[in-house]
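Next comes upload-v6.tsv, with TSV, C-alpha atoms and all ligand atoms.
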chain	number	residue	atom	x	y	z
A	1	MET	CA	-9.91	17.29	9.77
A	2	LEU	CA	-7.92	14.49	8.25
A	3	ILE	CA	-4.70	15.41	6.54
A	4	ARG	CA	-4.53	13.09	3.56
A	5	THR	CA	-1.66	14.49	1.55
A	6	LYS	CA	1.62	16.10	2.34
A	7	LYS	CA	4.93	16.94	0.74
A	8	VAL	CA	7.38	14.12	0.16
A	9	SER	CA	9.94	16.06	2.18
A	10	ASP	CA	7.64	15.82	5.22
A	11	CYS	CA	7.71	12.08	5.05
A	12	LEU	CA	8.41	10.49	8.41
A	13	GLU	CA	10.89	7.68	8.51
A	14	SER	CA	8.26	5.21	9.58
A	15	GLU	CA	6.21	5.89	6.46
A	16	VAL	CA	8.96	4.87	4.12
A	17	THR	CA	9.43	1.67	6.09
A	18	ASP	CA	6.33	0.27	4.47
A	19	GLU	CA	5.67	-3.43	4.13
A	20	SER	CA	4.90	-2.80	0.49
A	21	VAL	CA	8.40	-1.47	-0.14
A	22	TYR	CA	9.25	-5.09	-0.49
A	23	LEU	CA	6.94	-5.47	-3.45
A	24	ASN	CA	7.80	-4.89	-7.06
A	25	ARG	CA	8.94	-1.30	-7.19
A	26	ARG	CA	7.30	-0.36	-10.46
A	27	GLN	CA	4.00	-1.84	-9.55
A	28	PHE	CA	4.15	-0.06	-6.25
A	29	MET	CA	4.87	3.31	-7.86
A	30	LYS	CA	1.97	2.73	-10.22
A	31	ALA	CA	-0.34	1.82	-7.38
A	32	THR	CA	0.47	4.93	-5.40
A	33	GLY	CA	0.75	7.24	-8.38
A	34	GLY	CA	4.44	7.62	-7.64
A	35	ILE	CA	3.82	9.98	-4.76
A	36	ALA	CA	4.11	9.64	-1.03
A	37	LEU	CA	1.49	7.53	0.66
A	38	GLY	CA	-1.38	9.39	2.27
A	39	VAL	CA	-1.24	9.80	6.01
A	40	GLY	CA	-4.30	9.21	8.13
A	41	GLY	CA	-3.03	11.80	10.54
A	42	ILE	CA	-5.38	14.05	12.37
A	43	GLY	CA	-4.75	17.76	12.59
A	44	ASN	CA	-7.21	18.67	15.28
A	45	VAL	CA	-7.44	16.88	18.59
A	46	ALA	CA	-11.10	17.83	18.92
A	47	ALA	CA	-11.80	15.79	15.80
A	48	ALA	CA	-10.64	12.70	17.60
A	49	LEU	CA	-14.09	12.16	19.12
A	50	GLN	CA	-15.35	8.67	18.61
A	51	GLU	CA	-17.84	8.27	15.81
A	52	GLY	CA	-20.11	5.28	15.61
A	53	ASN	CA	-20.31	2.54	13.03
A	54	SER	CA	-23.51	3.01	11.03
A	55	LEU	CA	-23.35	-0.31	9.16
A	56	THR	CA	-26.23	-2.73	9.71
A	57	PRO	CA	-25.61	-6.37	10.64
A	58	PRO	CA	-27.25	-9.02	8.42
A	59	PRO	CA	-30.68	-10.09	9.81
A	60	SER	CA	-29.25	-13.45	10.87
A	61	LEU	CA	-26.79	-11.74	13.23
A	62	ALA	CA	-28.99	-8.83	14.32
A	63	SER	CA	-29.78	-10.25	17.75
A	64	SER	CA	-26.15	-11.22	18.32
A	65	PHE	CA	-25.11	-7.61	17.73
A	66	GLN	CA	-27.84	-6.41	20.08
A	67	ASN	CA	-26.36	-8.44	22.93
A	68	ILE	CA	-22.64	-7.74	22.84
A	69	ILE	CA	-20.87	-8.55	26.11
A	70	GLU	CA	-18.53	-5.86	27.39
A	71	THR	CA	-15.15	-7.17	28.54
A	72	PRO	CA	-12.49	-5.51	30.72
A	73	TYR	CA	-9.95	-5.37	27.88
A	74	GLY	CA	-8.69	-1.90	27.10
A	75	LEU	CA	-11.35	0.08	28.91
A	76	ASP	CA	-8.65	2.59	29.95
A	77	GLU	CA	-7.43	3.08	26.37
A	78	LYS	CA	-8.09	6.04	24.10
A	79	VAL	CA	-9.89	4.49	21.15
A	80	ALA	CA	-9.01	5.71	17.66
A	81	PRO	CA	-11.79	7.62	15.88
A	82	PHE	CA	-13.86	5.33	13.64
A	83	ASP	CA	-12.89	7.42	10.64
A	84	VAL	CA	-9.17	6.85	11.23
A	85	ALA	CA	-9.48	3.11	11.87
A	86	THR	CA	-11.46	2.71	8.64
A	87	SER	CA	-9.47	4.91	6.27
A	88	TYR	CA	-5.84	4.07	7.14
A	89	ASN	CA	-5.67	0.37	6.36
A	90	ASN	CA	-3.51	-2.42	5.07
A	91	PHE	CA	-5.53	-4.77	2.85
A	92	TYR	CA	-3.42	-5.33	-0.24
A	93	GLU	CA	-6.21	-7.20	-2.00
A	94	PHE	CA	-7.66	-3.73	-2.55
A	95	GLY	CA	-4.40	-1.89	-3.27
A	96	TYR	CA	-1.21	-0.83	-1.52
A	97	GLY	CA	-2.13	2.72	-0.53
A	98	LYS	CA	-3.49	3.30	2.96
A	99	ASN	CA	-6.75	4.73	1.55
A	100	ASP	CA	-7.17	2.10	-1.18
A	101	PRO	CA	-9.00	-0.47	0.96
A	102	LYS	CA	-11.69	2.05	1.83
A	103	ASP	CA	-11.88	3.51	-1.66
A	104	LYS	CA	-11.96	0.20	-3.53
A	105	SER	CA	-13.87	-2.23	-1.34
A	106	SER	CA	-17.36	-0.71	-1.22
A	107	GLU	CA	-18.83	-3.29	-3.65
A	108	PHE	CA	-17.24	-6.28	-1.93
A	109	LYS	CA	-19.92	-8.93	-1.26
A	110	THR	CA	-19.73	-10.48	2.21
A	111	THR	CA	-23.08	-12.29	2.58
A	112	PRO	CA	-23.56	-15.19	2.44
A	113	TRP	CA	-20.08	-16.25	3.57
A	114	ALA	CA	-18.80	-19.81	3.88
A	115	ILE	CA	-15.71	-21.07	5.65
A	116	THR	CA	-14.12	-24.36	4.66
A	117	VAL	CA	-12.64	-26.26	7.60
A	118	GLU	CA	-10.26	-29.08	6.70
A	119	GLY	CA	-7.27	-31.11	7.83
A	120	GLU	CA	-6.57	-32.66	11.22
A	121	ALA	CA	-10.00	-32.36	12.82
A	122	ASP	CA	-13.05	-34.57	13.28
A	123	ASN	CA	-15.64	-31.95	12.41
A	124	THR	CA	-14.56	-30.68	9.00
A	125	GLY	CA	-16.69	-29.33	6.14
A	126	ILE	CA	-18.13	-26.13	4.77
A	127	PHE	CA	-19.79	-23.95	7.38
A	128	ASP	CA	-21.92	-20.85	7.14
A	129	LEU	CA	-20.20	-17.99	8.95
A	130	ASP	CA	-23.40	-16.92	10.71
A	131	ASP	CA	-23.83	-20.40	12.18
A	132	ILE	CA	-20.24	-20.36	13.48
A	133	ILE	CA	-20.73	-16.97	15.09
A	134	LYS	CA	-24.21	-17.55	16.51
A	135	ALA	CA	-22.94	-20.45	18.61
A	136	SER	CA	-21.14	-17.96	20.90
A	137	MET	CA	-22.01	-14.62	22.48
A	138	LEU	CA	-20.35	-11.66	20.80
A	139	GLU	CA	-17.85	-9.78	22.96
A	140	GLU	CA	-16.41	-6.29	22.67
A	141	ARG	CA	-12.64	-6.19	23.22
A	142	ILE	CA	-10.64	-3.00	22.99
A	143	TYR	CA	-7.20	-3.99	21.75
A	144	ARG	CA	-4.05	-2.20	20.61
A	145	LEU	CA	-3.14	-3.07	17.01
A	146	ARG	CA	0.59	-2.70	16.29
A	147	CYS	CA	1.62	-2.85	12.63
A	148	VAL	CA	5.15	-3.99	11.77
A	149	GLU	CA	5.45	-0.62	9.96
A	150	ALA	CA	5.65	0.99	13.43
A	151	TRP	CA	2.22	2.59	13.72
A	152	SER	CA	-0.54	1.51	16.07
A	153	MET	CA	-4.19	2.14	16.87
A	154	VAL	CA	-6.63	1.23	19.62
A	155	ILE	CA	-9.70	-0.44	18.16
A	156	PRO	CA	-12.89	-1.73	19.82
A	157	TRP	CA	-13.41	-5.09	18.11
A	158	VAL	CA	-16.50	-7.27	18.27
A	159	GLY	CA	-16.05	-11.01	17.96
A	160	VAL	CA	-15.81	-14.40	19.58
A	161	SER	CA	-12.94	-16.32	21.13
A	162	LEU	CA	-11.00	-18.00	18.32
A	163	GLY	CA	-10.17	-20.95	20.58
A	164	ASP	CA	-13.85	-21.57	21.41
A	165	VAL	CA	-14.67	-21.71	17.70
A	166	LEU	CA	-11.72	-23.95	16.81
A	167	LYS	CA	-12.53	-26.42	19.59
A	168	ARG	CA	-15.93	-27.06	18.03
A	169	PHE	CA	-14.19	-28.46	14.94
A	170	LYS	CA	-12.55	-31.06	17.23
A	171	PRO	CA	-8.91	-30.83	16.16
A	172	THR	CA	-7.05	-34.16	16.47
A	173	SER	CA	-3.79	-34.65	18.38
A	174	LYS	CA	-1.96	-34.15	15.10
A	175	ALA	CA	-3.21	-30.56	14.81
A	176	LYS	CA	-0.07	-28.72	15.92
A	177	TYR	CA	-0.75	-25.61	13.81
A	178	VAL	CA	-3.71	-23.91	12.22
A	179	TYR	CA	-3.61	-22.29	8.81
A	180	PHE	CA	-5.90	-19.52	7.51
A	181	GLU	CA	-6.58	-18.26	4.02
A	182	THR	CA	-8.22	-15.11	2.66
A	183	LEU	CA	-10.72	-15.17	-0.21
A	184	TYR	CA	-9.19	-15.29	-3.69
A	185	ASP	CA	-11.49	-13.38	-6.04
A	186	PRO	CA	-9.68	-11.00	-8.40
A	187	GLN	CA	-13.03	-9.82	-9.83
A	188	GLN	CA	-13.88	-8.34	-6.45
A	189	MET	CA	-10.37	-7.75	-5.14
A	190	PRO	CA	-8.56	-5.68	-7.76
A	191	GLY	CA	-5.21	-5.96	-5.97
A	192	GLN	CA	-5.18	-9.68	-6.73
A	193	LYS	CA	-5.02	-9.00	-10.47
A	194	GLY	CA	-1.42	-7.99	-10.02
A	195	GLY	CA	1.51	-9.83	-8.56
A	196	GLY	CA	3.35	-8.50	-5.57
A	197	LEU	CA	1.91	-10.82	-3.00
A	198	ASP	CA	1.39	-14.48	-3.73
A	199	TRP	CA	-2.41	-14.71	-3.46
A	200	PRO	CA	-4.41	-15.80	-1.61
A	201	TYR	CA	-3.08	-14.18	1.57
A	202	ARG	CA	-2.07	-16.94	3.96
A	203	GLU	CA	-1.35	-16.98	7.69
A	204	GLY	CA	-0.88	-19.47	10.48
A	205	LEU	CA	-0.55	-19.97	14.22
A	206	ARG	CA	0.75	-22.63	16.53
A	207	ILE	CA	-2.32	-24.37	17.97
A	208	ASP	CA	-1.65	-23.16	21.52
A	209	GLU	CA	-1.39	-19.57	20.26
A	210	ALA	CA	-4.70	-19.96	18.46
A	211	MET	CA	-6.28	-21.34	21.65
A	212	ASN	CA	-5.03	-18.45	23.80
A	213	PRO	CA	-8.00	-16.49	25.20
A	214	LEU	CA	-6.68	-13.21	23.71
A	215	ALA	CA	-7.03	-14.50	20.14
A	216	LEU	CA	-10.21	-13.08	18.67
A	217	LEU	CA	-12.24	-14.07	15.63
A	218	ALA	CA	-13.67	-10.64	14.85
A	219	VAL	CA	-16.86	-9.92	12.92
A	220	GLY	CA	-17.28	-6.32	13.99
A	221	MET	CA	-15.81	-3.12	15.33
A	222	TYR	CA	-17.25	0.02	16.95
A	223	GLY	CA	-20.42	-1.86	17.86
A	224	SER	CA	-21.45	-3.17	14.44
A	225	VAL	CA	-20.18	-5.31	11.57
A	226	LEU	CA	-16.70	-4.90	10.08
A	227	PRO	CA	-16.38	-2.38	7.29
A	228	ASN	CA	-15.09	-4.14	4.17
A	229	GLN	CA	-11.72	-2.40	4.40
A	230	ASN	CA	-11.17	-3.87	7.86
A	231	GLY	CA	-11.60	-7.47	6.73
A	232	ALA	CA	-15.34	-8.11	6.50
A	233	PRO	CA	-17.02	-10.34	7.24
A	234	VAL	CA	-14.52	-12.18	9.46
A	235	ARG	CA	-10.85	-11.80	10.43
A	236	LEU	CA	-8.36	-12.65	13.11
A	237	VAL	CA	-7.25	-10.13	15.72
A	238	LEU	CA	-4.05	-11.16	17.55
A	239	PRO	CA	-3.09	-8.10	19.56
A	240	TRP	CA	0.30	-9.39	20.77
A	241	LYS	CA	1.50	-9.97	17.21
A	242	TYR	CA	2.32	-7.60	14.37
A	243	GLY	CA	-0.79	-6.70	12.41
A	244	PHE	CA	0.02	-8.81	9.35
A	245	LYS	CA	-0.79	-11.96	11.34
A	246	SER	CA	-4.39	-10.72	11.74
A	247	ILE	CA	-5.61	-12.07	8.42
A	248	LYS	CA	-8.76	-10.59	6.89
A	249	SER	CA	-11.78	-12.01	5.03
A	250	ILE	CA	-11.08	-15.62	5.96
A	251	VAL	CA	-12.54	-18.44	3.83
A	252	LYS	CA	-10.41	-21.39	4.91
A	253	ILE	CA	-9.20	-22.90	8.18
A	254	ARG	CA	-6.94	-25.95	8.01
A	255	PHE	CA	-5.54	-27.89	10.97
A	256	VAL	CA	-2.04	-29.12	10.12
A	257	GLU	CA	0.83	-31.05	11.66
A	258	THR	CA	3.73	-28.90	10.46
A	259	MET	CA	4.33	-25.16	10.44
A	260	PRO	CA	2.38	-23.73	7.49
A	261	GLU	CA	3.80	-21.36	4.89
A	262	THR	CA	2.60	-17.79	5.21
A	263	THR	CA	2.39	-14.99	2.66
A	264	TRP	CA	4.84	-12.59	4.27
A	265	GLY	CA	7.12	-15.31	5.60
A	266	THR	CA	7.53	-16.75	2.11
A	267	LEU	CA	8.03	-13.38	0.44
A	268	ALA	CA	10.67	-12.07	2.82
A	269	PRO	CA	11.64	-14.65	5.46
A	270	SER	CA	14.38	-12.49	6.97
A	271	GLU	CA	11.91	-9.63	7.54
A	272	TYR	CA	8.66	-11.32	8.57
A	273	GLY	CA	8.88	-14.33	10.86
A	274	PHE	CA	6.22	-16.91	11.56
A	275	TYR	CA	5.78	-15.78	15.17
A	276	ALA	CA	5.86	-12.02	14.53
A	277	ASN	CA	5.35	-11.24	18.20
A	278	VAL	CA	5.58	-7.52	18.92
A	279	ASN	CA	9.07	-7.12	20.38
A	280	PRO	CA	10.86	-3.79	20.90
A	281	ASN	CA	14.17	-5.65	21.37
A	282	VAL	CA	14.22	-7.23	17.93
A	283	ASP	CA	14.46	-4.65	15.18
A	284	HIS	CA	13.08	-5.18	11.72
A	285	PRO	CA	16.12	-5.40	9.37
A	286	ARG	CA	15.19	-2.02	7.87
A	287	TRP	CA	13.94	-0.07	10.90
A	288	THR	CA	13.71	0.00	14.67
A	289	GLN	CA	10.75	-1.54	16.48
A	290	LYS	CA	11.41	0.32	19.75
A	291	GLN	CA	8.74	2.94	19.16
A	292	GLU	CA	5.50	3.34	17.28
A	293	ARG	CA	3.28	6.17	16.06
A	294	ARG	CA	-0.01	5.85	17.90
A	295	LEU	CA	-2.69	7.04	15.50
A	296	PRO	CA	-4.30	9.47	15.20
A	297	GLY	CA	-1.27	11.67	15.08
A	298	GLY	CA	-0.09	13.99	12.38
A	299	VAL	CA	3.08	15.60	11.17
A	300	LEU	CA	3.03	18.14	13.97
A	301	PHE	CA	1.93	15.66	16.64
A	302	PRO	CA	3.40	12.32	15.64
A	303	ASN	CA	2.34	10.87	19.01
A	304	VAL	CA	5.27	8.49	19.35
A	305	VAL	CA	5.00	5.93	22.15
A	306	GLU	CA	7.36	3.21	23.38
A	307	THR	CA	6.59	-0.23	22.02
A	308	LYS	CA	5.95	-2.82	24.71
A	309	MET	CA	6.94	-6.49	24.77
A	310	PHE	CA	4.11	-8.53	23.25
A	311	ASN	CA	2.41	-5.15	22.68
A	312	GLY	CA	1.74	-4.97	26.41
A	313	TYR	CA	0.04	-8.39	26.61
A	314	GLU	CA	2.96	-10.26	28.20
A	315	ASP	CA	0.92	-11.40	31.22
A	316	GLU	CA	-1.59	-13.06	28.92
A	317	VAL	CA	0.72	-14.65	26.33
A	318	GLY	CA	4.28	-14.65	27.67
A	319	SER	CA	4.07	-18.27	28.86
A	320	LEU	CA	3.46	-19.45	25.28
A	321	TYR	CA	7.06	-18.58	24.49
A	322	SER	CA	8.93	-19.44	27.68
A	323	GLY	CA	12.35	-20.84	26.89
A	324	MET	CA	12.22	-19.68	23.27
A	325	ASP	CA	14.92	-17.45	21.81
A	326	LEU	CA	12.75	-14.64	20.49
A	327	LYS	CA	15.61	-13.20	18.42
A	328	ARG	CA	15.80	-16.45	16.51
A	329	PHE	CA	12.07	-17.11	16.42
A	330	TYR	CA	11.01	-13.58	15.44
B	401	LIG	N1	-5.97	-10.61	3.71
B	401	LIG	C1	-5.22	-9.65	4.26
B	401	LIG	N2	-5.18	-9.53	5.60
B	401	LIG	C2	-4.44	-8.55	6.18
B	401	LIG	C3	-3.67	-7.67	5.38
B	401	LIG	C4	-3.75	-7.80	3.96
B	401	LIG	O1	-3.11	-7.07	3.19
B	401	LIG	N3	-4.54	-8.80	3.45
B	401	LIG	N4	-2.87	-6.71	5.99
B	401	LIG	C5	-2.45	-7.00	7.38
B	401	LIG	C6	-1.74	-5.89	8.00
B	401	LIG	S1	-0.15	-5.60	7.45
B	401	LIG	C7	-2.27	-5.16	9.02
B	401	LIG	S2	-1.37	-4.00	9.84
B	401	LIG	C8	-3.70	-5.35	9.43
B	401	LIG	C9	-4.42	-4.02	9.34
B	401	LIG	O2	-5.74	-4.13	9.81
B	401	LIG	P1	-6.68	-2.84	9.74
B	401	LIG	O3	-6.61	-2.31	8.34
B	401	LIG	O4	-8.05	-3.31	10.11
B	401	LIG	O5	-6.13	-1.84	10.72
B	401	LIG	O6	-4.38	-6.31	8.59
B	401	LIG	C10	-3.62	-7.44	8.24
B	401	LIG	N5	-4.44	-8.42	7.55
B	402	MO	MO	0.86	-4.30	9.08
Go ahead and express the file in the form of structure tokens.
Amino acid sequence: MLIRTKKVSDCLESEVTDESVYLNRRQFMKATGGIALGVGGIGNVAAALQEGNSLTPPPSLASSFQNIIETPYGLDEKVAPFDVATSYNNFYEFGYGKNDPKDKSSEFKTTPWAITVEGEADNTGIFDLDDIIKASMLEERIYRLRCVEAWSMVIPWVGVSLGDVLKRFKPTSKAKYVYFETLYDPQQMPGQKGGGLDWPYREGLRIDEAMNPLALLAVGMYGSVLPNQNGAPVRLVLPWKYGFKSIKSIVKIRFVETMPETTWGTLAPSEYGFYANVNPNVDHPRWTQKQERRLPGGVLFPNVVETKMFNGYEDEVGSLYSGMDLKRFY
């Protein structure tokens, strides 16, 4: 059974170290009803059995989802129950509470979906998402997701290599970075009617990071399409970086020559760096990053684990940062 409410006095330190604490205090109190945020903790270990994803892929992607390639990533990991991964979310376009994305995104329209590709590339234009995805085989990759708020989950994503997709747009030699943007549609995304974040949500990567084989362009999880609250119909998944880099509901990709501005980096540059690599040796200014709460876990079983360098993906991505001072480039 999911424990969704608890007394304020039970609040764990890591729950008050919320990214949204940075936002306008009054608006935040209004959004959460002035009470403690809900906790997607689980009270009964037996309930942690994996449930399937009962969503149906659009007809155009049905055969892709019938032929998902299994990969070796994370096969030894204990996957979070579907219910936990889809009800404890950060997707501020639908509100700041952890349950808001699930509660407020059910009407969100994700088909058809177009992505505008622009900037330093030869093959720019407006592309249909299905066409982008159908050009590759879908893969399942079980990755750890580590939020900067010091919680984490293991999630079985379905998607395609981001680098493979980007290469098809033929970036020029001037494309040193790639910028991503989420949909801006306040009619559908009630969180965008208020301030707080500077909409649309914006993120970016150095081009070699984007081309790293670990970087995933995800269109699904738990064997089927992404639930809206998890960033449908398409998002990044960058398991060696804090979760806020893994931008949801992408509508724009732009190849650029200089480091792009990002939502969190602009809002609070001393707290959220451009690189945002998971690093237990560099604390967030307001809390330690040495440990994390691996969900599901509740008040009685917080399930605290040590945070690993690059979230445990150092072999895969460490060389991207050789010679860099990771305290300076956090
Ligand atoms: N557009 C958009 N993308 C976003 C966010 C958001 O608020 N808006 N939150 C980020 C944060 S802080 C995290 S931890 C992850 C959470 O992904 P999940 O809800 O699928 O676990 O999404 C990231 N991507
Ligand atoms: Mo996050």
As an mmCIF file with C-alpha atoms, in the coordinates of the input, please: the residues near A:Leu183 (cut-off 10 Å, all atoms listed in the file, same-chain neighbours under 4 positions excluded).
data_model
loop_
_atom_site.group_PDB
_atom_site.id
_atom_site.type_symbol
_atom_site.label_atom_id
_atom_site.label_comp_id
_atom_site.auth_asym_id
_atom_site.auth_seq_id
_atom_site.Cartn_x
_atom_site.Cartn_y
_atom_site.Cartn_z
ATOM 1 C CA GLU A 93 -6.210 -7.200 -2.000
ATOM 2 C CA ILE A 115 -15.710 -21.070 5.650
ATOM 3 C CA GLN A 188 -13.880 -8.340 -6.450
ATOM 4 C CA MET A 189 -10.370 -7.750 -5.140
ATOM 5 C CA TRP A 199 -2.410 -14.710 -3.460
ATOM 6 C CA PRO A 200 -4.410 -15.800 -1.610
ATOM 7 C CA TYR A 201 -3.080 -14.180 1.570
ATOM 8 C CA ARG A 202 -2.070 -16.940 3.960
ATOM 9 C CA LYS A 248 -8.760 -10.590 6.890
ATOM 10 C CA SER A 249 -11.780 -12.010 5.030
ATOM 11 C CA ILE A 250 -11.080 -15.620 5.960
ATOM 12 C CA VAL A 251 -12.540 -18.440 3.830
ATOM 13 C CA LYS A 252 -10.410 -21.390 4.910
#
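Proximal residues of ligand LIG 401 (chain B) are Asn89, Asn90, Phe91, Tyr92, Glu93, Cys147, Thr182, Tyr201, Asn230, Gly243, Phe244, Ser246, Ile247 and Lys248 of chain A, by a cut-off of 6 Å on all atoms listed in the file.
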For the residues in the current selection, export C-alpha atoms as an mmCIF file, in the coordinates of the input.
data_model
loop_
_atom_site.group_PDB
_atom_site.id
_atom_site.type_symbol
_atom_site.label_atom_id
_atom_site.label_comp_id
_atom_site.auth_asym_id
_atom_site.auth_seq_id
_atom_site.Cartn_x
_atom_site.Cartn_y
_atom_site.Cartn_z
ATOM 1 C CA ASN A 89 -5.670 0.370 6.360
ATOM 2 C CA ASN A 90 -3.510 -2.420 5.070
ATOM 3 C CA PHE A 91 -5.530 -4.770 2.850
ATOM 4 C CA TYR A 92 -3.420 -5.330 -0.240
ATOM 5 C CA GLU A 93 -6.210 -7.200 -2.000
ATOM 6 C CA CYS A 147 1.620 -2.850 12.630
ATOM 7 C CA THR A 182 -8.220 -15.110 2.660
ATOM 8 C CA TYR A 201 -3.080 -14.180 1.570
ATOM 9 C CA ASN A 230 -11.170 -3.870 7.860
ATOM 10 C CA GLY A 243 -0.790 -6.700 12.410
ATOM 11 C CA PHE A 244 0.020 -8.810 9.350
ATOM 12 C CA SER A 246 -4.390 -10.720 11.740
ATOM 13 C CA ILE A 247 -5.610 -12.070 8.420
ATOM 14 C CA LYS A 248 -8.760 -10.590 6.890
#
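With only C-alpha atoms and all ligand atoms as the atoms that count, the residue of A:Val148, A:Val178, A:Ala232, A:Ala210 with the shortest distance to ligand MO 402 (chain B) is A:Val148.
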| Hey, which of A:Asp198, A:Asp18, A:Glu316, A:Asp83 ends up closest to ligand MO 402 (chain B)? Count only C-alpha atoms and all ligand atoms. | A:Asp18
| Spatial neighbours of A:Pro239, max dist 8 Å, all atoms listed in the file, sep filter under 4 positions, as number ranges by chain | A: 143-146, 214-215, 243, 311, 313
Counting all atoms listed in the file, write as a PDB file with C-alpha atoms, keeping the file's coordinate frame all protein and nucleic acid residues lying at most 6 Å from (-3.2, -21.2, 18.0) in the file's frame.
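This is the output file out18.pdb:
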ATOM      1  CA  LEU A 205      -0.550 -19.970  14.220  1.00  0.00           C
ATOM      2  CA  ARG A 206       0.750 -22.630  16.530  1.00  0.00           C
ATOM      3  CA  ILE A 207      -2.320 -24.370  17.970  1.00  0.00           C
ATOM      4  CA  ASP A 208      -1.650 -23.160  21.520  1.00  0.00           C
ATOM      5  CA  GLU A 209      -1.390 -19.570  20.260  1.00  0.00           C
ATOM      6  CA  ALA A 210      -4.700 -19.960  18.460  1.00  0.00           C
ATOM      7  CA  MET A 211      -6.280 -21.340  21.650  1.00  0.00           C
TER       8      MET A 211
END
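The gap separating atom CA of A:Leu129 from atom CA of A:Gly194 is 28.5 Å, in Å to one decimal.
Atom pair atom CA of A:Glu118 / atom CA of A:Pro58 has a distance of 26.3 Å (rounded to one decimal).
Nearest residue to A:Ile133, choosing from A:Val158, A:Ile253, A:Val305, A:Val278 and counting only C-alpha atoms: A:Val158.
Note that the spacing between atom CA of A:Asp122 and atom CA of A:Phe180 amounts to 17.6 Å.
Candidate residues A:Pro302, A:Pro57, A:Gly95, A:Gly220 were compared for distance to A:Arg235, and the nearest is A:Gly220, using all atoms listed in the file.
Minimum atom-to-atom distances from A:Arg254, A:Lys241, A:Arg293, A:Lys327 to A:Asn281 were compared using all atoms listed in the file, and the lowest value belongs to A:Lys327.
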Give me the residues of stretch 73-144 of chain A that have any atom at most 12 Å from an atom of stretch 221-225 of chain A; for each, the nearest atom pair and the distance in Å, rounded to one decimal. Use all atoms listed in the file, sort by chain and number, and format it as a tab-separated table.
residue	atom	partner	partner_atom	distance
A:Val79	CA	A:Tyr222	CA	9.6
A:Ala80	CA	A:Tyr222	CA	10.0
A:Pro81	CA	A:Tyr222	CA	9.4
A:Phe82	CA	A:Tyr222	CA	7.1
A:Asp83	CA	A:Tyr222	CA	10.7
A:Ala85	CA	A:Met221	CA	9.5
A:Thr86	CA	A:Met221	CA	9.9
A:Thr110	CA	A:Val225	CA	10.7
A:Thr111	CA	A:Val225	CA	11.7
A:Leu138	CA	A:Gly223	CA	10.2
A:Glu139	CA	A:Gly223	CA	9.8
A:Glu140	CA	A:Gly223	CA	7.7
A:Arg141	CA	A:Met221	CA	9.0
A:Ile142	CA	A:Met221	CA	9.2
A:Tyr143	CA	A:Met221	CA	10.8
Got a sec to write stretch 231-240 of chain A of the block to a file, N, CA, C and O atoms, as a PDB file, in the first residue's frame?
ATOM      1  N   GLY A 231       6.672  12.114 -19.057  1.00  0.00           N
ATOM      2  CA  GLY A 231       7.285  12.877 -20.158  1.00  0.00           C
ATOM      3  C   GLY A 231       6.861  12.468 -21.545  1.00  0.00           C
ATOM      4  O   GLY A 231       7.613  12.681 -22.500  1.00  0.00           O
ATOM      5  N   ALA A 232       5.673  11.861 -21.663  1.00  0.00           N
ATOM      6  CA  ALA A 232       5.171  11.449 -22.974  1.00  0.00           C
ATOM      7  C   ALA A 232       5.124  12.645 -23.916  1.00  0.00           C
ATOM      8  O   ALA A 232       4.905  13.768 -23.477  1.00  0.00           O
ATOM      9  N   PRO A 233       5.316  12.409 -25.218  1.00  0.00           N
ATOM     10  CA  PRO A 233       5.610  11.092 -25.803  1.00  0.00           C
ATOM     11  C   PRO A 233       7.113  10.825 -25.929  1.00  0.00           C
ATOM     12  O   PRO A 233       7.488   9.723 -26.266  1.00  0.00           O
ATOM     13  N   VAL A 234       7.956  11.810 -25.609  1.00  0.00           N
ATOM     14  CA  VAL A 234       9.395  11.610 -25.822  1.00  0.00           C
ATOM     15  C   VAL A 234      10.211  12.478 -24.874  1.00  0.00           C
ATOM     16  O   VAL A 234       9.922  13.661 -24.686  1.00  0.00           O
ATOM     17  N   ARG A 235      11.243  11.895 -24.284  1.00  0.00           N
ATOM     18  CA  ARG A 235      12.078  12.596 -23.303  1.00  0.00           C
ATOM     19  C   ARG A 235      13.508  12.092 -23.382  1.00  0.00           C
ATOM     20  O   ARG A 235      13.776  11.045 -23.975  1.00  0.00           O
ATOM     21  N   LEU A 236      14.393  12.823 -22.745  1.00  0.00           N
ATOM     22  CA  LEU A 236      15.755  12.314 -22.587  1.00  0.00           C
ATOM     23  C   LEU A 236      15.826  11.460 -21.328  1.00  0.00           C
ATOM     24  O   LEU A 236      15.077  11.690 -20.375  1.00  0.00           O
ATOM     25  N   VAL A 237      16.762  10.505 -21.327  1.00  0.00           N
ATOM     26  CA  VAL A 237      17.148   9.808 -20.098  1.00  0.00           C
ATOM     27  C   VAL A 237      18.681   9.742 -20.096  1.00  0.00           C
ATOM     28  O   VAL A 237      19.291   9.115 -20.962  1.00  0.00           O
ATOM     29  N   LEU A 238      19.273  10.452 -19.127  1.00  0.00           N
ATOM     30  CA  LEU A 238      20.738  10.596 -19.028  1.00  0.00           C
ATOM     31  C   LEU A 238      21.136  10.095 -17.657  1.00  0.00           C
ATOM     32  O   LEU A 238      21.223  10.870 -16.703  1.00  0.00           O
ATOM     33  N   PRO A 239      21.349   8.785 -17.508  1.00  0.00           N
ATOM     34  CA  PRO A 239      21.408   8.194 -16.167  1.00  0.00           C
ATOM     35  C   PRO A 239      22.603   8.631 -15.324  1.00  0.00           C
ATOM     36  O   PRO A 239      22.572   8.453 -14.116  1.00  0.00           O
ATOM     37  N   TRP A 240      23.633   9.209 -15.931  1.00  0.00           N
ATOM     38  CA  TRP A 240      24.795   9.641 -15.142  1.00  0.00           C
ATOM     39  C   TRP A 240      24.646  11.077 -14.641  1.00  0.00           C
ATOM     40  O   TRP A 240      25.493  11.582 -13.928  1.00  0.00           O
TER      41      TRP A 240
END
